[in-house]
$ cat coords10.tsv   # TSV, C-alpha atoms
chain	number	residue	atom	x	y	z
V	85	ALA	CA	-182.51	74.14	7.82
V	86	GLN	CA	-182.63	77.33	9.88
V	87	ASP	CA	-179.73	76.11	12.02
V	88	VAL	CA	-177.60	75.49	8.91
V	89	ARG	CA	-178.51	78.92	7.55
V	90	LYS	CA	-177.59	80.53	10.87
V	91	GLN	CA	-174.19	78.79	10.84
V	92	LEU	CA	-173.51	79.91	7.28
V	93	VAL	CA	-174.51	83.51	8.05
V	94	THR	CA	-172.15	83.49	11.06
V	95	ILE	CA	-169.27	82.22	8.90
V	96	MET	CA	-169.99	84.83	6.23
V	97	ASP	CA	-170.04	87.60	8.85
V	98	ARG	CA	-166.79	86.39	10.43
V	99	TYR	CA	-164.95	86.65	7.10
V	100	ARG	CA	-166.82	89.83	6.07
V	101	LEU	CA	-168.30	88.26	2.94
V	102	ASP	CA	-171.47	89.52	1.23
V	103	LEU	CA	-174.62	87.43	1.50
V	104	LEU	CA	-175.99	86.76	-1.98
V	105	SER	CA	-179.05	84.73	-2.84
V	106	SER	CA	-179.24	82.41	-5.83
V	107	GLY	CA	-182.97	83.10	-6.07
V	108	LYS	CA	-184.64	80.47	-8.22
V	109	ASN	CA	-181.41	79.59	-10.03
V	110	TYR	CA	-180.78	76.24	-8.35
V	111	LYS	CA	-177.94	75.38	-10.77
V	112	ILE	CA	-175.63	77.65	-8.77
V	113	VAL	CA	-176.29	75.53	-5.67
V	114	CYS	CA	-175.83	72.31	-7.68
V	115	LYS	CA	-172.48	73.57	-9.00
V	116	ALA	CA	-171.39	74.47	-5.47
V	117	ILE	CA	-172.20	70.94	-4.28
V	118	THR	CA	-170.39	69.48	-7.30
V	119	ALA	CA	-167.33	71.60	-6.53
V	120	GLY	CA	-167.24	70.14	-3.00
V	121	PHE	CA	-168.05	66.51	-3.83
V	122	PHE	CA	-166.37	66.12	-7.24
V	123	THR	CA	-164.58	62.95	-6.09
V	124	ASN	CA	-167.97	61.34	-5.40
V	125	ALA	CA	-169.11	61.35	-9.02
V	126	ALA	CA	-170.61	58.34	-10.81
V	127	LYS	CA	-171.53	57.66	-14.44
V	128	LYS	CA	-174.38	55.44	-15.64
V	129	ASP	CA	-173.15	51.99	-16.61
V	130	PRO	CA	-174.64	50.54	-19.84
V	131	GLN	CA	-175.22	47.12	-18.23
V	132	GLU	CA	-176.56	48.04	-14.78
V	133	GLY	CA	-176.35	50.74	-12.14
V	134	TYR	CA	-173.47	53.21	-12.07
V	135	ARG	CA	-169.68	53.20	-11.89
V	136	THR	CA	-167.76	55.64	-9.72
V	137	LEU	CA	-165.40	57.79	-11.78
V	138	VAL	CA	-162.53	57.51	-9.31
V	139	ASP	CA	-162.47	53.77	-8.49
V	140	GLN	CA	-164.71	52.29	-11.23
V	141	ASN	CA	-166.74	50.48	-8.52
V	142	HIS	CA	-170.28	49.27	-9.26
V	143	VAL	CA	-172.79	51.33	-7.26
V	144	TYR	CA	-176.56	51.76	-7.43
V	145	LEU	CA	-179.03	54.54	-6.71
V	146	PHE	CA	-180.78	54.08	-3.38
V	147	PRO	CA	-184.35	52.79	-4.06
V	148	GLY	CA	-185.83	55.56	-1.88
V	149	SER	CA	-184.08	58.26	-3.91
V	150	ALA	CA	-186.09	60.71	-6.02
V	151	LEU	CA	-183.64	60.01	-8.88
V	152	PHE	CA	-184.26	56.25	-8.77
V	153	SER	CA	-186.86	56.29	-11.57
V	154	LYS	CA	-185.10	59.01	-13.59
V	155	SER	CA	-181.62	57.42	-13.94
V	156	PRO	CA	-179.55	60.48	-14.91
V	157	GLU	CA	-176.28	59.99	-16.82
V	158	TYR	CA	-174.04	61.55	-14.12
V	159	VAL	CA	-174.65	61.92	-10.38
V	160	ILE	CA	-172.85	63.23	-7.31
V	161	TYR	CA	-173.47	61.29	-4.09
V	162	HIS	CA	-172.80	62.08	-0.45
V	163	GLU	CA	-172.31	58.60	0.96
V	164	LEU	CA	-172.19	54.94	-0.01
V	165	VAL	CA	-174.23	52.44	2.02
V	166	MET	CA	-173.41	48.74	1.82
V	167	THR	CA	-176.37	46.35	2.14
V	168	THR	CA	-177.02	43.65	-0.47
V	169	LYS	CA	-175.47	46.10	-2.98
V	170	GLU	CA	-173.49	49.30	-2.60
V	171	TYR	CA	-176.02	52.13	-2.74
V	172	MET	CA	-175.47	55.87	-3.27
V	173	ARG	CA	-177.45	58.07	-0.89
V	174	ASN	CA	-178.17	61.80	-1.09
V	175	CYS	CA	-177.67	62.02	-4.86
V	176	LEU	CA	-177.73	65.00	-7.19
V	177	ALA	CA	-178.03	64.84	-10.98
V	178	ILE	CA	-175.27	66.86	-12.61
V	179	ASP	CA	-174.03	67.88	-16.02
V	180	ALA	CA	-170.77	66.15	-17.01
V	181	LYS	CA	-169.09	69.38	-18.10
V	182	TRP	CA	-169.35	70.75	-14.56
V	183	LEU	CA	-166.74	68.21	-13.44
V	184	TYR	CA	-163.94	69.46	-15.67
V	185	GLU	CA	-165.03	73.10	-15.22
V	186	LEU	CA	-165.05	72.94	-11.41
V	187	ALA	CA	-162.19	70.45	-10.83
V	188	PRO	CA	-159.78	70.90	-13.75
V	189	ALA	CA	-156.86	69.43	-11.78
V	190	PHE	CA	-158.84	66.22	-11.21
V	191	TYR	CA	-160.84	65.77	-14.45
V	192	LYS	CA	-160.07	66.61	-18.04
V	193	LYS	CA	-162.17	66.64	-21.17
V	194	ALA	CA	-161.68	63.55	-23.31
V	195	ASP	CA	-160.28	63.94	-26.80
V	196	PRO	CA	-163.13	63.18	-29.23
V	197	ASN	CA	-160.66	61.92	-31.85
V	198	THR	CA	-159.34	59.06	-29.70
V	199	MET	CA	-161.49	56.00	-29.24
V	200	THR	CA	-161.13	53.15	-26.78
V	201	ARG	CA	-160.76	49.59	-28.03
V	202	ALA	CA	-164.34	48.78	-26.96
V	203	LYS	CA	-165.72	51.80	-28.83
V	204	ARG	CA	-163.71	50.88	-31.93
V	205	LYS	CA	-165.33	47.43	-31.93
V	206	GLU	CA	-168.78	49.03	-31.86
V	207	LYS	CA	-168.00	51.34	-34.77
V	208	ILE	CA	-170.84	51.58	-37.25
V	209	GLU	CA	-170.03	51.53	-40.94
V	210	PRO	CA	-172.10	51.02	-44.06
V	211	LEU	CA	-172.29	47.62	-45.70
V	212	PHE	CA	-173.08	47.70	-49.41
V	213	ASP	CA	-175.28	45.13	-51.10
V	214	ARG	CA	-174.93	44.32	-54.81
V	215	PHE	CA	-178.69	43.65	-55.06
V	216	ASN	CA	-179.70	47.13	-53.84
V	217	PRO	CA	-178.95	50.61	-55.22
V	218	LYS	CA	-175.45	52.04	-54.71
V	219	ASP	CA	-176.42	54.42	-51.87
V	220	ALA	CA	-178.44	51.84	-49.92
V	221	TRP	CA	-176.76	50.53	-46.82
V	222	ARG	CA	-177.54	48.99	-43.44
V	223	LEU	CA	-175.96	49.20	-40.00
V	224	SER	CA	-173.95	46.40	-38.47
V	225	ARG	CA	-171.43	45.79	-35.68
V	226	ARG	CA	-167.92	45.44	-36.92
V	227	ARG	CA	-165.30	43.23	-35.26
V	228	GLY	CA	-161.76	44.49	-34.88
$ encode --input "coords10.tsv" --output "structure tokens"
Amino acid sequence: AQDVRKQLVTIMDRYRLDLLSSGKNYKIVCKAITAGFFTNAAKKDPQEGYRTLVDQNHVYLFPGSALFSKSPEYVIYHELVMTTKEYMRNCLAIDAKWLYELAPAFYKKADPNTMTRAKRKEKIEPLFDRFNPKDAWRLSRRRG
């Protein structure tokens, strides 16, 4: 860690940049890592594991990872390791909005008014029953 710090200080001195500390605000460091590895983002898959945002490949958190038991919605990974499954190593939990804030040429915010065909099939709507009061309803999956 000291060697990395020494290299960074040397680079900052070479380009005459000010050294600033993030203090205890680790989100600044997380955003910096996200800005560098935005192509290595993955979203939690409803069935199992994760899917990479770029290629839509199935990947899984490495079992030795600290995030393995937490299963965050979005992660950034450093490398993929292929064993019995394709595992993400060196992962960082991120906020989804960081992706379109830090890489606007690569990601864009989805329009909340448009729905995919799969989401339309899962749309929830009330079903009325003639035996119950007018405002009583239950939830059901709708086809089509």
$ residues_around --input "coords10.tsv" --residues "segment 110-121 of chain V" --least-positions-apart "2" --cutoff "12 Å" --atoms "all atoms listed in the file" --output "JSON, numbers by chain"
{"V": [104, 105, 106, 107, 108, 123, 124, 125, 126, 138, 158, 159, 160, 161, 162, 163, 174, 175, 176, 177, 178, 179, 180, 181, 182, 183, 184, 185, 186, 187, 188, 189, 190, 191]}
$ atom_distance --input "coords10.tsv" --atom1 "atom CA of Met96 of chain V" --atom2 "atom CA of Arg173 of chain V"
28.7 Å
$ atom_distance --input "coords10.tsv" --atom1 "atom CA of His142 of chain V" --atom2 "atom CA of Glu170 of chain V"
7.4 Å
$ closest_residue --input "coords10.tsv" --among "V:Val93, V:Leu164, V:Asp102, V:Met172" --to "Ala150 of chain V" --atoms "only C-alpha atoms"
V:Met172
$ atom_distance --input "coords10.tsv" --atom1 "atom CA of Phe152 of chain V" --atom2 "atom CA of Lys169 of chain V"
14.6 Å
$ closest_residue --input "coords10.tsv" --among "V:Ser149, V:Leu101, V:Glu157, V:Ala194" --to "Arg135 of chain V" --atoms "only C-alpha atoms"
V:Glu157
$ closest_residue --input "coords10.tsv" --among "V:Ala202, V:Val165, V:Tyr171, V:Leu92" --to "Gly133 of chain V" --atoms "all atoms listed in the file"
V:Tyr171
$ closest_residue --input "coords10.tsv" --among "V:Phe146, V:Phe122, V:Asp129, V:Thr198" --to "Thr168 of chain V" --atoms "only C-alpha atoms"
V:Phe146
